[in-house]
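S.K.: Contents of upload-v8.cif (mmCIF, C-alpha atoms):
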data_query
loop_
_atom_site.group_PDB
_atom_site.id
_atom_site.type_symbol
_atom_site.label_atom_id
_atom_site.label_comp_id
_atom_site.auth_asym_id
_atom_site.auth_seq_id
_atom_site.Cartn_x
_atom_site.Cartn_y
_atom_site.Cartn_z
ATOM 1 C CA MET A 1 9.751 2.495 -22.810
ATOM 2 C CA ALA A 2 12.492 4.831 -23.914
ATOM 3 C CA ARG A 3 15.364 5.111 -21.479
ATOM 4 C CA VAL A 4 16.442 8.563 -20.383
ATOM 5 C CA ASP A 5 19.956 9.934 -20.881
ATOM 6 C CA LYS A 6 22.053 9.749 -17.677
ATOM 7 C CA GLU A 7 23.266 13.368 -18.020
ATOM 8 C CA PHE A 8 19.665 14.534 -18.331
ATOM 9 C CA LEU A 9 18.811 12.611 -15.161
ATOM 10 C CA LYS A 10 21.793 14.053 -13.276
ATOM 11 C CA ASN A 11 20.738 17.559 -14.277
ATOM 12 C CA MET A 12 17.125 16.874 -13.285
ATOM 13 C CA PHE A 13 18.202 15.324 -9.962
ATOM 14 C CA SER A 14 20.366 18.362 -9.214
ATOM 15 C CA ARG A 15 17.486 20.761 -9.950
ATOM 16 C CA ILE A 16 15.081 18.822 -7.714
ATOM 17 C CA ASP A 17 17.613 18.474 -4.854
ATOM 18 C CA LYS A 18 17.017 22.053 -3.659
ATOM 19 C CA ASP A 19 19.114 21.767 -0.479
ATOM 20 C CA LYS A 20 21.961 20.089 -2.415
ATOM 21 C CA ASN A 21 22.392 17.289 0.141
ATOM 22 C CA GLY A 22 22.600 14.546 -2.487
ATOM 23 C CA SER A 23 19.108 13.191 -1.917
ATOM 24 C CA ILE A 24 15.532 14.111 -2.706
ATOM 25 C CA SER A 25 12.990 14.391 0.085
ATOM 26 C CA ALA A 26 9.252 13.884 -0.276
ATOM 27 C CA ASP A 27 8.766 17.680 -0.200
ATOM 28 C CA GLU A 28 11.348 18.219 -2.938
ATOM 29 C CA LEU A 29 9.797 15.489 -5.056
ATOM 30 C CA GLN A 30 6.297 16.889 -4.608
ATOM 31 C CA GLN A 31 7.487 20.344 -5.690
ATOM 32 C CA ALA A 32 9.084 18.822 -8.787
ATOM 33 C CA LEU A 33 6.229 16.617 -9.977
ATOM 34 C CA GLY A 34 3.019 18.055 -11.349
ATOM 35 C CA ASN A 35 -0.179 16.992 -13.026
ATOM 36 C CA GLY A 36 -0.175 19.701 -15.634
ATOM 37 C CA ALA A 37 -2.208 22.858 -15.092
ATOM 38 C CA TRP A 38 0.207 23.628 -12.229
ATOM 39 C CA THR A 39 -1.351 21.220 -9.732
ATOM 40 C CA ALA A 40 1.014 19.430 -7.370
ATOM 41 C CA PHE A 41 1.096 15.679 -6.927
ATOM 42 C CA ASN A 42 -1.007 14.211 -4.156
ATOM 43 C CA PRO A 43 1.162 13.850 -0.995
ATOM 44 C CA GLU A 44 -0.065 10.263 -0.588
ATOM 45 C CA THR A 45 1.133 9.368 -4.100
ATOM 46 C CA ILE A 46 4.508 10.945 -3.292
ATOM 47 C CA ARG A 47 4.672 8.888 -0.080
ATOM 48 C CA LEU A 48 3.882 5.692 -2.009
ATOM 49 C CA MET A 49 6.558 6.430 -4.611
ATOM 50 C CA ILE A 50 9.186 7.237 -1.977
ATOM 51 C CA GLY A 51 8.303 3.975 -0.225
ATOM 52 C CA MET A 52 8.560 2.017 -3.457
ATOM 53 C CA PHE A 53 11.901 3.427 -4.613
ATOM 54 C CA ASP A 54 13.718 4.126 -1.333
ATOM 55 C CA THR A 55 15.559 0.811 -1.508
ATOM 56 C CA ASP A 56 17.906 1.578 1.397
ATOM 57 C CA GLY A 57 15.033 2.676 3.654
ATOM 58 C CA ASN A 58 16.467 6.061 4.652
ATOM 59 C CA GLY A 59 13.314 8.017 3.762
ATOM 60 C CA VAL A 60 14.827 9.901 0.813
ATOM 61 C CA ILE A 61 15.713 9.149 -2.797
ATOM 62 C CA ASP A 62 19.361 9.041 -3.934
ATOM 63 C CA PHE A 63 20.374 9.353 -7.581
ATOM 64 C CA ASN A 64 20.078 5.647 -8.469
ATOM 65 C CA GLU A 65 16.691 5.409 -6.776
ATOM 66 C CA PHE A 66 15.663 8.592 -8.587
ATOM 67 C CA ALA A 67 16.641 7.141 -11.977
ATOM 68 C CA ALA A 68 14.313 4.171 -11.368
ATOM 69 C CA LEU A 69 11.542 6.455 -10.084
ATOM 70 C CA TRP A 70 11.875 8.773 -13.090
ATOM 71 C CA GLN A 71 11.532 5.839 -15.493
ATOM 72 C CA TYR A 72 8.528 4.594 -13.535
ATOM 73 C CA VAL A 73 6.780 7.983 -13.693
ATOM 74 C CA SER A 74 7.594 8.294 -17.405
ATOM 75 C CA ASP A 75 6.134 4.850 -18.081
ATOM 76 C CA TRP A 76 2.999 5.731 -16.113
ATOM 77 C CA GLN A 77 2.691 8.997 -18.008
ATOM 78 C CA ASN A 78 2.707 7.117 -21.313
ATOM 79 C CA THR A 79 0.116 4.668 -19.972
ATOM 80 C CA PHE A 80 -2.065 7.509 -18.674
ATOM 81 C CA ARG A 81 -1.942 9.327 -22.010
ATOM 82 C CA SER A 82 -2.863 6.173 -23.899
ATOM 83 C CA PHE A 83 -6.087 5.837 -21.865
ATOM 84 C CA ASP A 84 -6.935 9.557 -21.725
ATOM 85 C CA LEU A 85 -8.798 9.207 -25.012
ATOM 86 C CA ASP A 86 -10.281 12.718 -24.998
ATOM 87 C CA ASN A 87 -6.908 14.306 -24.084
ATOM 88 C CA SER A 88 -8.540 16.054 -21.123
ATOM 89 C CA GLY A 89 -5.560 15.481 -18.826
ATOM 90 C CA THR A 90 -7.757 13.317 -16.601
ATOM 91 C CA ILE A 91 -9.154 9.797 -16.669
ATOM 92 C CA ASP A 92 -12.939 9.473 -16.501
ATOM 93 C CA ARG A 93 -14.869 6.411 -15.356
ATOM 94 C CA ASN A 94 -14.930 4.754 -18.799
ATOM 95 C CA GLU A 95 -11.237 5.454 -19.402
ATOM 96 C CA LEU A 96 -10.400 4.073 -15.938
ATOM 97 C CA LYS A 97 -12.436 0.957 -16.679
ATOM 98 C CA ALA A 98 -10.601 0.457 -20.002
ATOM 99 C CA ALA A 99 -7.215 0.927 -18.316
ATOM 100 C CA LEU A 100 -7.900 -1.432 -15.433
ATOM 101 C CA GLN A 101 -9.416 -4.067 -17.712
ATOM 102 C CA SER A 102 -6.286 -3.908 -19.862
ATOM 103 C CA PHE A 103 -4.266 -4.570 -16.668
ATOM 104 C CA GLY A 104 -6.376 -7.670 -16.014
ATOM 105 C CA PHE A 105 -8.827 -6.306 -13.433
ATOM 106 C CA ASN A 106 -12.434 -7.411 -13.927
ATOM 107 C CA LEU A 107 -14.423 -5.220 -11.550
ATOM 108 C CA SER A 108 -18.104 -4.348 -11.198
ATOM 109 C CA GLU A 109 -19.588 -1.091 -12.457
ATOM 110 C CA ARG A 110 -20.328 -0.202 -8.828
ATOM 111 C CA PHE A 111 -16.663 -0.645 -7.914
ATOM 112 C CA TYR A 112 -15.493 1.709 -10.685
ATOM 113 C CA GLY A 113 -17.729 4.324 -9.078
ATOM 114 C CA ILE A 114 -16.094 3.644 -5.724
ATOM 115 C CA LEU A 115 -12.636 4.071 -7.288
ATOM 116 C CA ILE A 116 -13.624 7.371 -8.898
ATOM 117 C CA ARG A 117 -14.979 8.680 -5.578
ATOM 118 C CA LYS A 118 -11.875 7.488 -3.703
ATOM 119 C CA PHE A 119 -9.239 8.841 -6.096
ATOM 120 C CA ASP A 120 -10.963 11.967 -7.491
ATOM 121 C CA ARG A 121 -9.553 14.689 -5.226
ATOM 122 C CA SER A 122 -11.087 17.531 -7.250
ATOM 123 C CA GLY A 123 -14.670 16.234 -7.121
ATOM 124 C CA SER A 124 -14.995 16.510 -10.902
ATOM 125 C CA GLY A 125 -15.717 12.836 -11.572
ATOM 126 C CA ASP A 126 -12.288 12.399 -13.150
ATOM 127 C CA ILE A 127 -8.916 11.216 -11.876
ATOM 128 C CA ARG A 128 -5.716 13.199 -12.362
ATOM 129 C CA PHE A 129 -2.402 11.602 -13.324
ATOM 130 C CA ASP A 130 -0.952 11.205 -9.820
ATOM 131 C CA ASP A 131 -4.212 9.838 -8.457
ATOM 132 C CA PHE A 132 -4.315 7.356 -11.366
ATOM 133 C CA ILE A 133 -0.865 6.118 -10.329
ATOM 134 C CA GLN A 134 -2.003 5.854 -6.717
ATOM 135 C CA CYS A 135 -5.192 4.018 -7.697
ATOM 136 C CA CYS A 136 -3.295 1.475 -9.793
ATOM 137 C CA VAL A 137 -0.540 0.935 -7.206
ATOM 138 C CA VAL A 138 -3.048 0.464 -4.377
ATOM 139 C CA LEU A 139 -5.110 -1.977 -6.470
ATOM 140 C CA LYS A 140 -2.003 -3.944 -7.434
ATOM 141 C CA THR A 141 -0.720 -4.056 -3.857
ATOM 142 C CA LEU A 142 -4.054 -5.121 -2.383
ATOM 143 C CA THR A 143 -4.470 -7.703 -5.150
ATOM 144 C CA ASN A 144 -1.062 -9.161 -4.309
ATOM 145 C CA ALA A 145 -2.015 -9.297 -0.619
ATOM 146 C CA PHE A 146 -5.303 -11.003 -1.515
ATOM 147 C CA LYS A 147 -3.572 -13.520 -3.778
ATOM 148 C CA TYR A 148 -1.199 -14.403 -0.947
ATOM 149 C CA HIS A 149 -4.221 -15.567 1.102
ATOM 150 C CA ASP A 150 -6.095 -17.131 -1.858
ATOM 151 C CA ARG A 151 -4.438 -20.519 -1.461
ATOM 152 C CA ASN A 152 -7.052 -22.333 -3.593
ATOM 153 C CA LEU A 153 -6.832 -19.678 -6.347
ATOM 154 C CA ASN A 154 -10.625 -19.446 -6.447
ATOM 155 C CA GLY A 155 -11.080 -15.754 -5.698
ATOM 156 C CA TRP A 156 -12.174 -16.347 -2.110
ATOM 157 C CA ILE A 157 -10.236 -15.950 1.119
ATOM 158 C CA THR A 158 -10.978 -16.453 4.780
ATOM 159 C CA VAL A 159 -9.170 -14.065 7.085
ATOM 160 C CA THR A 160 -9.689 -12.840 10.592
ATOM 161 C CA TYR A 161 -10.493 -9.206 11.170
ATOM 162 C CA GLU A 162 -6.948 -8.556 12.361
ATOM 163 C CA GLN A 163 -5.483 -10.350 9.326
ATOM 164 C CA PHE A 164 -7.650 -8.122 7.117
ATOM 165 C CA LEU A 165 -6.488 -4.967 8.889
ATOM 166 C CA THR A 166 -2.883 -6.128 8.653
ATOM 167 C CA MET A 167 -3.336 -6.844 4.957
ATOM 168 C CA VAL A 168 -4.732 -3.352 4.300
ATOM 169 C CA PHE A 169 -2.489 -1.300 6.586
ATOM 170 C CA ASN A 170 0.729 -3.228 6.252
ATOM 171 C CA CYS A 171 0.931 -3.495 2.466
ATOM 172 C CA LYS A 172 4.459 -2.278 1.794
ATOM 173 C CA MET A 173 4.584 -0.864 -1.735
ATOM 174 C CA LYS A 174 7.439 -2.999 -2.998
ATOM 175 C CA THR A 175 6.109 -3.795 -6.454
ATOM 176 C CA VAL A 176 7.074 -1.275 -9.100
ATOM 177 C CA GLU A 177 5.397 -2.915 -12.057
ATOM 178 C CA LYS A 178 2.157 -1.745 -13.617
#
Go through the file and emit its structure as structure tokens.

M.R.:
Amino acid sequence: MARVDKEFLKNMFSRIDKDKNGSISADELQQALGNGAWTAFNPETIRLMIGMFDTDGNGVIDFNEFAALWQYVSDWQNTFRSFDLDNSGTIDRNELKAALQSFGFNLSERFYGILIRKFDRSGSGDIRFDDFIQCCVVLKTLTNAFKYHDRNLNGWITVTYEQFLTMVFNCKMKTVEK
């Protein structure tokens, strides 16, 4: 995890902050981040990242928040590249399985298919970089919510329907670790 030079970050922040108001909006961030091949980041992934790094809750990213976000995206990019074994610029089902298993997830073959269908916006059977981030963040967040209710640490929980809905819809993306 190489750290980025502060002057480089200031320059990058300034270029992304199109309206020069000292903060980066979701629209500005989406215009700045790409998947390669000139495809923009998924708006939902942008929303998740803003939510994760907007520490003061004002809906935009200031310079310090941006520095943390930039490092996070850089770290994810390195992770993505390490699992994109065929250098296609996307993660296929087997590459996704290898990545998630390395993160400690032990999921069924059927569930990997569900993840591909959920996070493959192009319909190609592969997941692009931003969707890979979103997939991993959502899995991590839902896992943390599940673990909160798994008091016996046995992989089983009992929740009411409303608790389940709250768990799914109210998962604030506060964790920034892979």

S.K.: If you take every atom of region 129-148 of chain A that the file lists and fit an axis-aligned box around them with 8 Å extra on each side, what centre and edge lengths come out in Å to one decimal, as JSON?

M.R.:
{"center_x": -2.9, "center_y": -1.4, "center_z": -7.0, "size_x": 20.8, "size_y": 42.0, "size_z": 28.7}

S.K.: I'd like the interatomic distance between CA of Gly34 (chain A) and CA of Phe129 (chain A), to a tenth of an Å.

M.R.: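 Separating CA of Gly34 (chain A) from CA of Phe129 (chain A) is a distance of 8.7 Å.
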
S.K.: Just to confirm, what's the straight-line distance from CA of Phe53 (chain A) to CA of Arg128 (chain A) in Å (one decimal)?

M.R.: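 Distance reported for this atom pair: 21.6 Å.
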
S.K.: So what does the PyMOL selection byres ((chain A and resi 91) around 12) actually pick up in this one, as an MDAnalysis selection string?

M.R.: chainID A and resid 77 79:90 92:100 112 115:116 119:120 124:133 135

S.K.: Within 8 Å of Phe63 (chain A), counting only C-alpha atoms, which residues show up once you throw out same-chain ones fewer than 6 positions away? Write them as a list in words, please.

M.R.: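 Result of the neighbour search: Lys10, Phe13, Gly22 and Ser23 of chain A.
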
S.K.: With a distance cut-off of 12 Å and only C-alpha atoms, select the neighbouring residues of region 56-61 of chain A, excluding the residue or stretch itself and same-chain residues fewer than 6 positions from it, and output the selection as a PyMOL selection string.

M.R.: chain A and resi 13+16-17+21-29+46-50+67-70+172+174

S.K.: Using CA of Lys147 (chain A) and CA of Gln101 (chain A) as the two end points, give the distance in Å to one decimal.

M.R.: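 Calculated distance between CA of Lys147 (chain A) and CA of Gln101 (chain A) is 17.8 Å.
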
S.K.: Point out the residue among A:Leu139, A:Arg121, A:Val159, A:Met167 with the least atom-to-atom distance to Leu107 (chain A), counting all atoms listed in the file.

M.R.: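 Answer, going by the shortest atom-to-atom distance: A:Leu139.
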
S.K.: Between A:Asn42, A:Asn64, A:Thr143, A:Thr160, which has the minimum distance to Gly104 (chain A) (counting all atoms listed in the file)?

M.R.: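 Going through A:Asn42, A:Asn64, A:Thr143, A:Thr160 one by one, the smallest distance to Gly104 (chain A) is for A:Thr143.
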
S.K.: Pick out the closest residue to Gly155 (chain A) from this set: A:Gln134, A:Ser122, A:Asp19, A:Asn106. Count all atoms listed in the file.

M.R.: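 Among the listed residues, the smallest separation from Gly155 (chain A) belongs to A:Asn106.
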